[in-house]
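Heads up: the structure comes next, in structure tokens.
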Protein chains: 2
Amino acid sequence: MGIIQRKERDRLEMRLKILETAKQIFIEEGFEKASIRAIADRIEYSPATIYLYFKDKNELFFSVHEIGFEKLNFEMINAIVGITDPVEELRARGFAYMKFAFQNPEMYDLMFIQNAPMESMKNSETWACGHRCFLLLCETIERCIESKSIRISNLYIAAMSIWSFMHGLVSLKIRNRFQKFEGVDVDELMKGSVEQMIQLLKV
Amino acid sequence: MGIIQRKERDRLEMRLKILETAKQIFIEEGFEKASIRAIADRIEYSPATIYLYFKDKNELFFSVHEIGFEKLNFEMINAIVGITDPVEELRARGFAYMKFAFQNPEMYDLMFIQNAPMESMKNSETWACGHRCFLLLCETIERCIESKSIRISNLYIAAMSIWSFMHGLVSLKIRNRFQKFEGVDVDELMKGSVEQMIQLLKV
DNA sequence: TTGTTTTACTAAACAGTGTTCAGCAAATTT
DNA sequence: AAATTTGCTGAACACTGTTTAGTAAAACAA
């Protein structure tokens with residue numbers, strides 16, 4: 001009997017349909033507007049149905065944020081193809097990170113700012129997708145350290161510092177904390193800051 | 001007739017009562033739990049009364065976040081008394097900023113992460129309290145640049161970079177994005193990162 | 001002191017949120 | 001054909017922020 005297989009397929013299909021709809025709505029209209037009812041409306045099911053496929057809203061948006069990490073990780077990997085110099089790798093990944101944030105601000109917000117996805121994790125389990133992304137950064141930094149091309153020797157301190165710097169830039173921008181810099185364009189200033197940071201890092 | 005003066009006083013007193021209660025609840029129980037009804041309950045007035053003193057919840061929490069800035073700015077000013085070396089000033093203010101965030105996480109969240117306070121500002125007006133805090137950072141950085149004790153010459157790029165770095169550290173921690181660093185204590189790693197950044201900056 | 005106006009406040013409602021659960025119709029199994 | 005399981009939903013619950021009509025008390029005017 002292929003019935004149970006078909007049912008399994010149907011179930012996964014429905015899960016995906018909810019997931020993609022949730023993603024779509026919140027990319028278009030933001031996290032606030034992506035209510036269970038709005039999602040249910042668009043897929044033409046009742047709100048209660050969503051709870052047959054996801055424990056709660058946090059779990060649903062945890063899954064959405066995983067989709068975001070698939071994209072970001074993909075772009076972080078792609079960013080360094082053909083690059084051999086470790087510092088150039090770091091620059092490429094830095095700008096790829098920033099580009100992702102600029103082009104997918106709502107998704108970035110969900111992945112790195114919102115509480116929702118983190119609240120769906122039990123305290124024991126790890127933030128696998130986030131950790132995977134972090135390891136890509138570590139990888140590049142390790143090459144920089146090994147080749148003695150940056151002025152930091154401790155991997156974790158370097159990784160934490162660089163990630164924090166990039167996240168700070170991007171999240172202050174997303175959450176509207178950058179305002180007047182007396183006529184200087186904020187986006188240009190941000191790129192200049194990244195460039196400056198690389199100069200500081202380089203040996 | 002001192003009646004209008006007394007009424008004015010009463011009005012300000014009531015505003016302050018609402019403000020302090022809002023602050024208290026959200027410091028104790030977080031932004032989510034600080035609902036208009038919860039605030040109204042605690043001051044023993046109806047929820048509608050709050051709307052006679054504040055346009056909406058965003059405006060109320062804009063005022064709360066201003067209280068936060070008063071404290072932070074005070075501590076940023078205090079942090080450098082008796083210090084003459086510009087880089088030591090920078091270190092002191094960096095750690096003061098971090099300490100404020102650790103000791104007042106909900107308030108920091110409201111000031112630099114939440115959308116609410118920013119949404120209450122009309123697009124024309126500036127984020128005065130945030131800007132004032134930013135100027136304190138600029139002040140110290142300017143002294144560093146003038147004395148040629150850091151490796152950055154552009155004030156705005158330096159200020160944006162340093163603020164972003166500090167905010168990144170603190171906000172990733174507050175929003176629970178720092179997890180496993182293979183046994184290394186996160187708080188220690190954060191302090192190490194600040195120290196490392198100062199080393200990179202120093203000429 | 002009386003009558004009138006202004007002020008300060010609130011009950012109740014509106015429109016929205018996440019979430020749960022009893023019940024129903026259709027699919028599946030016996 | 002009967003019994004069971006599955007997939008789904010209407011309606012409710014307990015919350016949000018916010019608005020408005022109405023009321024009692026305070027202030028003012030005669």
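By order of appearance in the structure tokens: chains A, B, ..., then residues from 1 within every chain, and ligands from 1 in the order shown.
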Taking only C-alpha atoms into account, what are the residues of chain B at most 9 Å from chain A, put as a short mmCIF file (atom, residue, chain, number, x, y, z; two decimals) with C-alpha atoms, in the first residue's frame?
data_model
loop_
_atom_site.label_atom_id
_atom_site.label_comp_id
_atom_site.auth_asym_id
_atom_site.auth_seq_id
_atom_site.Cartn_x
_atom_site.Cartn_y
_atom_site.Cartn_z
CA PHE B 112 18.84 50.07 20.63
CA ILE B 113 16.83 47.11 19.37
CA GLN B 114 13.08 47.57 19.72
CA ASN B 115 11.22 49.36 16.97
CA MET B 118 11.69 54.88 16.73
CA THR B 126 15.91 63.60 15.13
CA TRP B 127 16.70 60.96 17.71
CA GLY B 130 20.59 58.74 20.88
CA HIS B 131 22.48 61.45 19.09
CA ARG B 151 44.85 53.99 13.49
CA ILE B 152 41.70 55.61 12.08
CA TYR B 156 32.49 59.17 11.43
CA ILE B 157 33.94 55.90 10.19
CA ALA B 158 35.66 55.36 13.53
CA MET B 160 30.28 54.02 13.37
CA SER B 161 32.74 51.13 13.51
CA ILE B 162 33.28 51.23 17.25
CA TRP B 163 29.62 51.70 18.10
CA SER B 164 28.64 48.91 15.71
CA PHE B 165 31.21 46.59 17.23
CA MET B 166 30.00 47.25 20.77
CA HIS B 167 26.34 47.04 19.82
CA GLY B 168 26.92 43.84 17.90
CA LEU B 169 28.58 42.17 20.87
CA VAL B 170 25.91 43.25 23.28
CA SER B 171 22.86 42.68 21.10
CA LEU B 172 23.90 39.21 19.94
CA ARG B 175 19.08 38.24 21.75
CA ASN B 176 20.62 34.89 22.57
CA ARG B 177 22.76 34.34 19.47
CA PHE B 178 25.93 33.47 21.37
CA GLN B 179 25.92 29.85 22.30
CA LYS B 180 28.59 27.27 22.28
CA PHE B 181 32.17 28.41 22.14
CA VAL B 184 34.83 29.11 26.76
CA LEU B 189 35.13 36.14 25.48
CA MET B 190 33.18 39.38 25.06
CA GLY B 192 38.46 39.72 25.48
CA SER B 193 36.99 40.92 22.21
CA VAL B 194 36.74 44.50 23.45
CA GLN B 196 41.39 42.87 21.32
CA MET B 197 39.60 45.63 19.41
CA LEU B 200 43.81 46.70 16.92
CA LEU B 201 42.88 50.35 17.18
#
For this session: Please determine the contact residues of chain D with respect to chain A at a cut-off of 12 Å, counting only C-alpha atoms (C1' of nucleotides), and supply them as a PyMOL selection string.
Result: chain D and resi 6-11
Can you list every residue of chain C that has an atom at most 10 Å from chain B, with its nearest atom pair and the distance in Å to one decimal, using only C-alpha atoms (C1' of nucleotides), ordered by chain then number, as CSV?
residue,atom,partner,partner_atom,distance
C:DA8,C1',B:Thr49,CA,8.7
C:DC9,C1',B:Thr49,CA,6.7
C:DT10,C1',B:Ser46,CA,6.2
C:DA11,C1',B:Ser46,CA,9.2
Those residues with N, CA and C atoms (P, O5', C5', C4', C3', O3' and C1' of nucleotides), as a PDB file, in the first residue's frame please?
ATOM      1  P    DA C   8      -8.017  68.116  33.653  1.00  0.00           P
ATOM      2  O5'  DA C   8      -8.770  66.827  34.203  1.00  0.00           O
ATOM      3  C5'  DA C   8      -9.092  66.724  35.582  1.00  0.00           C
ATOM      4  C4'  DA C   8      -9.537  65.296  35.835  1.00  0.00           C
ATOM      5  C3'  DA C   8      -8.590  64.249  35.251  1.00  0.00           C
ATOM      6  O3'  DA C   8      -8.325  63.278  36.257  1.00  0.00           O
ATOM      7  C1'  DA C   8     -10.803  63.914  34.423  1.00  0.00           C
ATOM      8  P    DC C   9      -7.425  62.009  35.948  1.00  0.00           P
ATOM      9  O5'  DC C   9      -8.534  60.930  35.565  1.00  0.00           O
ATOM     10  C5'  DC C   9      -9.566  60.637  36.524  1.00  0.00           C
ATOM     11  C4'  DC C   9     -10.671  59.876  35.863  1.00  0.00           C
ATOM     12  C3'  DC C   9     -10.280  58.543  35.246  1.00  0.00           C
ATOM     13  O3'  DC C   9     -10.521  57.523  36.197  1.00  0.00           O
ATOM     14  C1'  DC C   9     -11.982  59.714  34.015  1.00  0.00           C
ATOM     15  P    DT C  10     -10.108  56.013  35.881  1.00  0.00           P
ATOM     16  O5'  DT C  10     -11.441  55.451  35.213  1.00  0.00           O
ATOM     17  C5'  DT C  10     -12.691  55.638  35.855  1.00  0.00           C
ATOM     18  C4'  DT C  10     -13.795  55.045  34.989  1.00  0.00           C
ATOM     19  C3'  DT C  10     -13.490  53.665  34.427  1.00  0.00           C
ATOM     20  O3'  DT C  10     -14.659  52.886  34.539  1.00  0.00           O
ATOM     21  C1'  DT C  10     -14.054  55.111  32.667  1.00  0.00           C
ATOM     22  P    DA C  11     -14.576  51.342  34.839  1.00  0.00           P
ATOM     23  O5'  DA C  11     -15.925  50.832  34.159  1.00  0.00           O
ATOM     24  C5'  DA C  11     -17.102  51.662  34.186  1.00  0.00           C
ATOM     25  C4'  DA C  11     -18.003  51.334  32.998  1.00  0.00           C
ATOM     26  C3'  DA C  11     -18.013  49.867  32.572  1.00  0.00           C
ATOM     27  O3'  DA C  11     -19.338  49.542  32.169  1.00  0.00           O
ATOM     28  C1'  DA C  11     -17.159  51.202  30.791  1.00  0.00           C
TER      29       DA C  11
END
Just want the 12 Å neighbourhood of range 16-26 of chain D, counted on only C-alpha atoms (C1' of nucleotides), with same-chain residues fewer than 3 positions away dropped. Output as a JSON list (two decimals) with C-alpha atoms (C1' of nucleotides), in the first residue's frame.
[["chain", "number", "residue", "atom", "x", "y", "z"],
["B", 3, "ILE", "CA", -5.44, 76.32, 40.14],
["B", 7, "LYS", "CA", -3.44, 71.23, 37.50],
["B", 32, "GLU", "CA", 6.06, 41.96, 25.94],
["B", 33, "LYS", "CA", 4.42, 41.91, 29.35],
["B", 34, "ALA", "CA", 4.38, 45.67, 29.72],
["B", 35, "SER", "CA", 0.90, 46.05, 28.24],
["B", 36, "ILE", "CA", -1.23, 49.16, 28.58],
["B", 37, "ARG", "CA", -3.66, 47.13, 30.68],
["B", 38, "ALA", "CA", -0.91, 45.90, 33.00],
["B", 47, "PRO", "CA", -6.44, 51.75, 30.34],
["B", 48, "ALA", "CA", -8.14, 54.64, 28.55],
["B", 49, "THR", "CA", -6.62, 57.12, 31.01],
["B", 50, "ILE", "CA", -3.12, 56.39, 29.71],
["B", 51, "TYR", "CA", -4.22, 57.70, 26.33],
["B", 52, "LEU", "CA", -4.97, 61.07, 27.92],
["B", 54, "PHE", "CA", 0.40, 59.57, 25.87],
["B", 55, "LYS", "CA", -0.63, 59.40, 22.21],
["B", 56, "ASP", "CA", -0.03, 55.66, 22.05],
["B", 57, "LYS", "CA", 2.17, 52.86, 23.35],
["B", 58, "ASN", "CA", 5.06, 53.85, 21.10],
["C", 5, "DT", "C1'", -19.22, 74.78, 31.63],
["C", 6, "DT", "C1'", -15.05, 72.39, 31.73],
["C", 7, "DT", "C1'", -12.21, 68.67, 33.23],
["C", 8, "DA", "C1'", -10.80, 63.91, 34.42],
["C", 9, "DC", "C1'", -11.98, 59.71, 34.02],
["C", 10, "DT", "C1'", -14.05, 55.11, 32.67],
["C", 11, "DA", "C1'", -17.16, 51.20, 30.79],
["C", 12, "DA", "C1'", -17.75, 49.15, 26.89],
["C", 13, "DA", "C1'", -16.86, 48.17, 22.51],
["C", 14, "DC", "C1'", -13.92, 47.27, 18.15],
["C", 15, "DA", "C1'", -10.66, 44.91, 15.73],
["C", 16, "DG", "C1'", -6.97, 42.43, 16.10],
["C", 17, "DT", "C1'", -3.64, 38.61, 18.16],
["C", 18, "DG", "C1'", -2.11, 33.30, 19.44]]
Exercise. Just how far from CA of Val81 in chain A is CA of Leu155 in chain A, in Å to one decimal?
Worked result: 22.3 Å
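Between CA of Ala22 in chain A and CA of Phe61 in chain A the separation is 7.9 Å.
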For this session: Per DSSP on the backbone, filter range 77-158 of chain A down to the residues in helix (DSSP H, G or I) and report them as number ranges by chain.
Result: A: 77-78, 86-103, 105-112, 116-119, 128-146, 155-158
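Counting from CA of Ile198 in chain B, the distance to CA of Asn73 in chain B is 21.4 Å.
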For this session: Fewer than 5 positions away in the same chain doesn't count, so skip those; otherwise give me all residues within 9 Å of Arg143 in chain B, counting only C-alpha atoms (C1' of nucleotides), as a ChimeraX atom specification.
Result: /B:85-87,138,148-149
Problem set entry | Contacts of Phe100 in chain A at 12 Å (only C-alpha atoms (C1' of nucleotides); same-chain gap of 5+ positions) as a list in words | Gly68, Phe69, Glu70, Lys71, Leu72, Asn73, Phe74, Glu75, Met76, Ala79, Arg93, Gly94, Phe95, Pro105, Glu106, Met107, Tyr108, Asp109, Met111, Met166, His167 and Val170 of chain A
Any chance you could export the current selection's C-alpha atoms as a tab-separated table (two decimals), in the first residue's frame?
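Output saved as result-v2.tsv:
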chain	number	residue	atom	x	y	z
A	68	GLY	CA	17.01	32.06	5.49
A	69	PHE	CA	20.16	30.34	6.73
A	70	GLU	CA	20.17	27.99	3.77
A	71	LYS	CA	20.30	31.04	1.53
A	72	LEU	CA	22.88	32.90	3.61
A	73	ASN	CA	25.13	29.88	3.98
A	74	PHE	CA	24.89	29.26	0.25
A	75	GLU	CA	25.95	32.82	-0.45
A	76	MET	CA	28.75	32.68	2.10
A	79	ALA	CA	31.35	34.38	-2.04
A	93	ARG	CA	32.36	37.07	3.08
A	94	GLY	CA	31.96	40.30	5.00
A	95	PHE	CA	30.40	42.04	2.04
A	105	PRO	CA	16.23	42.80	5.78
A	106	GLU	CA	13.15	41.07	7.18
A	107	MET	CA	14.82	37.68	6.93
A	108	TYR	CA	18.00	38.99	8.53
A	109	ASP	CA	15.89	40.47	11.30
A	111	MET	CA	17.57	35.24	11.84
A	166	MET	CA	29.18	43.12	11.05
A	167	HIS	CA	26.01	42.40	12.96
A	170	VAL	CA	23.67	45.83	9.88
